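Each remark here refers to the structure printed beneath this line.
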Amino acid sequence: MTRDAPPAGRLKSILGGSAGNLVEWYDWYAYAAFSFYLAPHFFPKGDPVAQTLNVWAIFAVGFFMRPIGAWLMGIYGDRRGRKAGLTLSVTLMCGGSMLIAVTPGYDAIGAWATVALVVARLMQGLSVGGEYGASATYLSEMAGKQRRGFFSSFQYVTLISGHLIALAVLLLLQSTMSETALGEWGWRIPFFIGGALAIGVFWLRRNLPETQSFANRETGAEHRSSFGALFLRHPREAALVMLLTAGGTLAFYAYSVYLLTFLSATGAFTKPVSTQISAAALFVFMCIQPLAGALSDRIGRKPLMIGFGVLGVIFTWPIFTALEIVQSPLSAFLLMTGALVIVTGYTSINAVVKAEMFPAHIRTLGVALPYALANAIFGGTAPYVALWFKDAGMERGFYWYVTAMIGISLITYLRMRDTRVHSKILED
């Protein structure tokens, strides 16, 4: 067997871990995809804009739980194993999805409906906070040294697959149900699906093997994973993760999640057409992740991140302003696809870059917590901040905000070392 060809067992583990990640992100994105229908169900009747803002505010609340999930389950994954962290995260996701699916509406139980939605998103936020670190670490450690960028890129392949499946369920329901039925009860279906799939993933993940990096990690009190150990002994790496994530995660959520709302609220498209445009662009985006990951195995991680930074700074404003006036669905698709191709320089390799920065005994926490903090501040708030700018009559201020944050990350990319050359994942 050649050195750069992963053994069958390794490939099976990567596929198994990726399948679980897909279900996790399906559950997470189902909330965003069905936000149109959640707003009037969980909030009192009134201003539709206010209802939408409330839905996206709770979307952001879920992100603010992600650092707590990253902290608790990052430590858990470093001490008990990557597999244990993956299993725990999917359990929480299942509970959150089922709670959304069964909660009566605001008309029936009043403010308790809103409370239940908040609790469900808190559970899902804890889950995804732990999922990112555990899956990024697991995939990076399971992948062989020569193909680490390629195989770790499947984290975003499955992340986007989850998003696309959520959109596909939305499109299917929109085409087979009346708008009234979908608004009254049909929106519950995707959350029941997500909960059922999560149960299946729980059993799948129980049978995954542990990584060799975890088995080889240094042990003892001085190598114990903790919040203090991360920020006192690895402050530079933690800061780098936050800075390189800030622009990338904001750009990703601006170009994907928010654009679904943008196309129907600002552009000239209906909700179903906006969903179709978004789904097609995300499919292309998903397919090019492994290509970019494989490219990073040949030329390094740093050139791809710099490419994203430069192109993001140059083209964010033109893309958004063009989408304001575009009339053709094809033109909208090409503009959204162009934006997503740009952000691929970050998304395809962000997991492996972070994993390669930390030693094995604190790798899950190091990958998860700084990323989750940056994600909560910049990624989760992106739709809310964009709608705030729009409601204040300054919609284009959001475009400048995205551009500025990409610029800050670009400075980080230019100054950091290439982790492919300086990797702390020692196993082949």
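Labels used: A, B, ... for chains in the order of the structure tokens, numbers from 1 for residues in each chain, and numbers from 1 for ligands as shown.
Counting only C-alpha atoms, Pro44 in chain A has the following residues at most 12 Å away, ignoring those fewer than 5 positions along the same chain: Leu38, Ala39, Ala50, Gln51, Thr52, Asn54, Val55, Gly105, Tyr106, Asp107, Ala108, Ile109, Gly110, Ala111, Trp112, Ala113 and Thr114 of chain A.
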(message) Residues within 10 Å of Val102 in chain A, please, as a PyMOL selection string. Count only C-alpha atoms; anything in the same chain fewer than 6 positions from it doesn't count.
(response) chain A and resi 116+188+191-192
Atoms kept (N, CA, C and O atoms) for selection, written as a compact mmCIF listing (two decimals), in the first residue's frame:
```txt
# COMPACT_ATOMS: atom_id res chain seq x y z
N ALA A 116 -39.66 27.65 24.48
CA ALA A 116 -39.29 26.32 23.98
C ALA A 116 -38.35 26.43 22.79
O ALA A 116 -37.39 25.65 22.65
N ARG A 188 -43.24 21.38 10.56
CA ARG A 188 -42.75 20.46 11.61
C ARG A 188 -42.04 19.24 11.01
O ARG A 188 -41.18 18.63 11.67
N PHE A 191 -38.15 18.83 11.06
CA PHE A 191 -37.56 18.66 12.38
C PHE A 191 -37.77 17.24 12.91
O PHE A 191 -36.91 16.69 13.60
N PHE A 192 -38.91 16.62 12.56
CA PHE A 192 -39.08 15.20 12.88
C PHE A 192 -38.06 14.35 12.11
O PHE A 192 -37.49 13.40 12.65
```
(message) Using Å and a single decimal, report how far CA of Met242 in chain A sits from CA of Pro370 in chain A.
(response)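 Straight-line distance from CA of Pro370 in chain A to CA of Met242 in chain A works out to 5.2 Å.
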(request) Mind checking which residues fall within 9 Å of Ser423 in chain A, counting only C-alpha atoms, ignoring those fewer than 2 positions away in the same chain, and posting them as a ChimeraX atom specification? (result) /A:353,355-358,418-421,425-426
Go ahead and write the residues just picked, N, CA, C and O atoms, as a tab-separated table (two decimals), in the first residue's frame.
```tsv
chain	number	residue	atom	x	y	z
A	353	VAL	N	-6.47	23.43	8.98
A	353	VAL	CA	-5.54	24.48	9.42
A	353	VAL	C	-5.56	24.60	10.93
A	353	VAL	O	-4.52	24.68	11.58
A	355	ALA	N	-6.68	22.31	13.16
A	355	ALA	CA	-6.22	21.08	13.79
A	355	ALA	C	-4.70	20.97	13.76
A	355	ALA	O	-4.08	20.46	14.71
A	356	GLU	N	-4.08	21.45	12.69
A	356	GLU	CA	-2.63	21.35	12.55
A	356	GLU	C	-1.88	22.32	13.47
A	356	GLU	O	-0.67	22.22	13.61
A	357	MET	N	-2.58	23.22	14.12
A	357	MET	CA	-1.93	24.19	15.01
A	357	MET	C	-1.68	23.66	16.41
A	357	MET	O	-0.83	24.19	17.13
A	358	PHE	N	-2.43	22.63	16.85
A	358	PHE	CA	-2.42	22.23	18.25
A	358	PHE	C	-1.91	20.81	18.45
A	358	PHE	O	-2.14	19.94	17.62
A	418	ASP	N	2.47	28.52	7.19
A	418	ASP	CA	1.66	27.53	6.49
A	418	ASP	C	1.62	26.26	7.33
A	418	ASP	O	2.65	25.62	7.57
A	419	THR	N	0.45	25.88	7.78
A	419	THR	CA	0.33	24.74	8.70
A	419	THR	C	0.61	23.40	8.01
A	419	THR	O	0.88	22.41	8.69
A	420	ARG	N	0.50	23.34	6.70
A	420	ARG	CA	0.85	22.07	6.03
A	420	ARG	C	2.32	21.72	6.28
A	420	ARG	O	2.67	20.55	6.45
A	421	VAL	N	3.17	22.74	6.31
A	421	VAL	CA	4.60	22.54	6.54
A	421	VAL	C	4.91	22.41	8.02
A	421	VAL	O	5.80	21.65	8.42
A	425	ILE	N	0.13	17.65	13.81
A	425	ILE	CA	-0.39	16.29	13.72
A	425	ILE	C	0.76	15.42	13.26
A	425	ILE	O	1.21	15.50	12.11
A	426	LEU	N	1.29	14.61	14.16
A	426	LEU	CA	2.54	13.90	13.91
A	426	LEU	C	2.39	12.58	13.18
A	426	LEU	O	3.33	12.09	12.56
```
Closest atom pairs, residues of range 28-117 of chain A within 12 Å of range 208-214 of chain A, only C-alpha atoms, as a Markdown table:
```
| residue | atom | partner | partner_atom | distance |
| --- | --- | --- | --- | --- |
| A:Gly77 | CA | A:Phe214 | CA | 9.2 |
| A:Asp78 | CA | A:Phe214 | CA | 7.6 |
| A:Arg79 | CA | A:Phe214 | CA | 8.9 |
| A:Arg80 | CA | A:Phe214 | CA | 9.1 |
| A:Gly81 | CA | A:Phe214 | CA | 6.6 |
| A:Arg82 | CA | A:Glu210 | CA | 6.7 |
| A:Lys83 | CA | A:Glu210 | CA | 6.1 |
| A:Ala84 | CA | A:Glu210 | CA | 9.0 |
| A:Gly85 | CA | A:Glu210 | CA | 11.0 |
| A:Leu86 | CA | A:Leu208 | CA | 9.8 |
| A:Thr87 | CA | A:Leu208 | CA | 9.8 |
```
Keeping only all heavy atoms, write the selected residues as an mmCIF file, in the first residue's frame.
```cif
data_model
loop_
_atom_site.group_PDB
_atom_site.id
_atom_site.type_symbol
_atom_site.label_atom_id
_atom_site.label_comp_id
_atom_site.auth_asym_id
_atom_site.auth_seq_id
_atom_site.Cartn_x
_atom_site.Cartn_y
_atom_site.Cartn_z
ATOM 1 N N GLY A 77 -13.825 15.780 24.558
ATOM 2 C CA GLY A 77 -13.213 15.051 23.446
ATOM 3 C C GLY A 77 -11.725 14.839 23.632
ATOM 4 O O GLY A 77 -11.181 13.821 23.185
ATOM 5 N N ASP A 78 -11.041 15.790 24.275
ATOM 6 C CA ASP A 78 -9.609 15.632 24.525
ATOM 7 C C ASP A 78 -9.343 14.617 25.628
ATOM 8 O O ASP A 78 -8.304 13.941 25.610
ATOM 9 C CB ASP A 78 -8.996 16.978 24.912
ATOM 10 C CG ASP A 78 -8.783 17.891 23.714
ATOM 11 O OD1 ASP A 78 -8.556 17.369 22.609
ATOM 12 O OD2 ASP A 78 -8.843 19.126 23.889
ATOM 13 N N ARG A 79 -10.249 14.512 26.588
ATOM 14 C CA ARG A 79 -10.023 13.613 27.726
ATOM 15 C C ARG A 79 -10.637 12.230 27.524
ATOM 16 O O ARG A 79 -10.049 11.230 27.936
ATOM 17 C CB ARG A 79 -10.607 14.242 29.006
ATOM 18 C CG ARG A 79 -9.917 15.541 29.410
ATOM 19 C CD ARG A 79 -10.497 16.078 30.704
ATOM 20 N NE ARG A 79 -9.897 17.358 31.082
ATOM 21 C CZ ARG A 79 -10.214 18.027 32.188
ATOM 22 N NH1 ARG A 79 -11.124 17.549 33.019
ATOM 23 N NH2 ARG A 79 -9.620 19.188 32.449
ATOM 24 N N ARG A 80 -11.809 12.179 26.889
ATOM 25 C CA ARG A 80 -12.514 10.899 26.742
ATOM 26 C C ARG A 80 -12.416 10.317 25.344
ATOM 27 O O ARG A 80 -12.720 9.133 25.143
ATOM 28 C CB ARG A 80 -13.985 11.086 27.114
ATOM 29 C CG ARG A 80 -14.228 11.523 28.547
ATOM 30 C CD ARG A 80 -13.868 10.425 29.531
ATOM 31 N NE ARG A 80 -14.690 9.253 29.302
ATOM 32 C CZ ARG A 80 -15.896 9.069 29.847
ATOM 33 N NH1 ARG A 80 -16.407 9.990 30.650
ATOM 34 N NH2 ARG A 80 -16.586 7.978 29.611
ATOM 35 N N GLY A 81 -12.037 11.133 24.366
ATOM 36 C CA GLY A 81 -11.902 10.632 23.001
ATOM 37 C C GLY A 81 -12.753 11.393 22.020
ATOM 38 O O GLY A 81 -13.786 11.976 22.378
ATOM 39 N N ARG A 82 -12.284 11.411 20.761
ATOM 40 C CA ARG A 82 -13.028 12.127 19.720
ATOM 41 C C ARG A 82 -14.388 11.472 19.480
ATOM 42 O O ARG A 82 -15.397 12.152 19.277
ATOM 43 C CB ARG A 82 -12.254 12.150 18.402
ATOM 44 C CG ARG A 82 -10.752 12.365 18.478
ATOM 45 C CD ARG A 82 -10.288 13.512 19.337
ATOM 46 N NE ARG A 82 -8.861 13.756 19.157
ATOM 47 C CZ ARG A 82 -8.096 14.370 20.050
ATOM 48 N NH1 ARG A 82 -8.605 14.788 21.196
ATOM 49 N NH2 ARG A 82 -6.817 14.575 19.791
ATOM 50 N N LYS A 83 -14.426 10.143 19.512
ATOM 51 C CA LYS A 83 -15.675 9.416 19.276
ATOM 52 C C LYS A 83 -16.715 9.742 20.342
ATOM 53 O O LYS A 83 -17.902 9.926 20.044
ATOM 54 C CB LYS A 83 -15.400 7.915 19.239
ATOM 55 C CG LYS A 83 -16.624 7.090 18.897
ATOM 56 C CD LYS A 83 -16.300 5.613 18.785
ATOM 57 C CE LYS A 83 -16.157 4.978 20.156
ATOM 58 N NZ LYS A 83 -16.100 3.503 20.064
ATOM 59 N N ALA A 84 -16.277 9.848 21.590
ATOM 60 C CA ALA A 84 -17.203 10.172 22.680
ATOM 61 C C ALA A 84 -17.817 11.553 22.468
ATOM 62 O O ALA A 84 -19.018 11.759 22.696
ATOM 63 C CB ALA A 84 -16.471 10.112 24.014
ATOM 64 N N GLY A 85 -17.004 12.508 22.021
ATOM 65 C CA GLY A 85 -17.527 13.843 21.756
ATOM 66 C C GLY A 85 -18.527 13.855 20.621
ATOM 67 O O GLY A 85 -19.558 14.535 20.689
ATOM 68 N N LEU A 86 -18.254 13.097 19.568
ATOM 69 C CA LEU A 86 -19.170 13.023 18.435
ATOM 70 C C LEU A 86 -20.519 12.421 18.840
ATOM 71 O O LEU A 86 -21.574 12.875 18.391
ATOM 72 C CB LEU A 86 -18.543 12.185 17.318
ATOM 73 C CG LEU A 86 -17.349 12.806 16.583
ATOM 74 C CD1 LEU A 86 -16.696 11.767 15.678
ATOM 75 C CD2 LEU A 86 -17.779 14.016 15.772
ATOM 76 N N THR A 87 -20.481 11.418 19.684
ATOM 77 C CA THR A 87 -21.717 10.762 20.120
ATOM 78 C C THR A 87 -22.560 11.684 20.988
ATOM 79 O O THR A 87 -23.785 11.765 20.842
ATOM 80 C CB THR A 87 -21.377 9.475 20.891
ATOM 81 O OG1 THR A 87 -20.571 8.625 20.070
ATOM 82 C CG2 THR A 87 -22.638 8.728 21.280
#
```
(request) Using only C-alpha atoms, pick whichever of A:Gln327, A:Ser140, A:Ser13, A:Ser226 has the shortest atom-to-atom distance to Trp71 in chain A. (result) A:Ser226
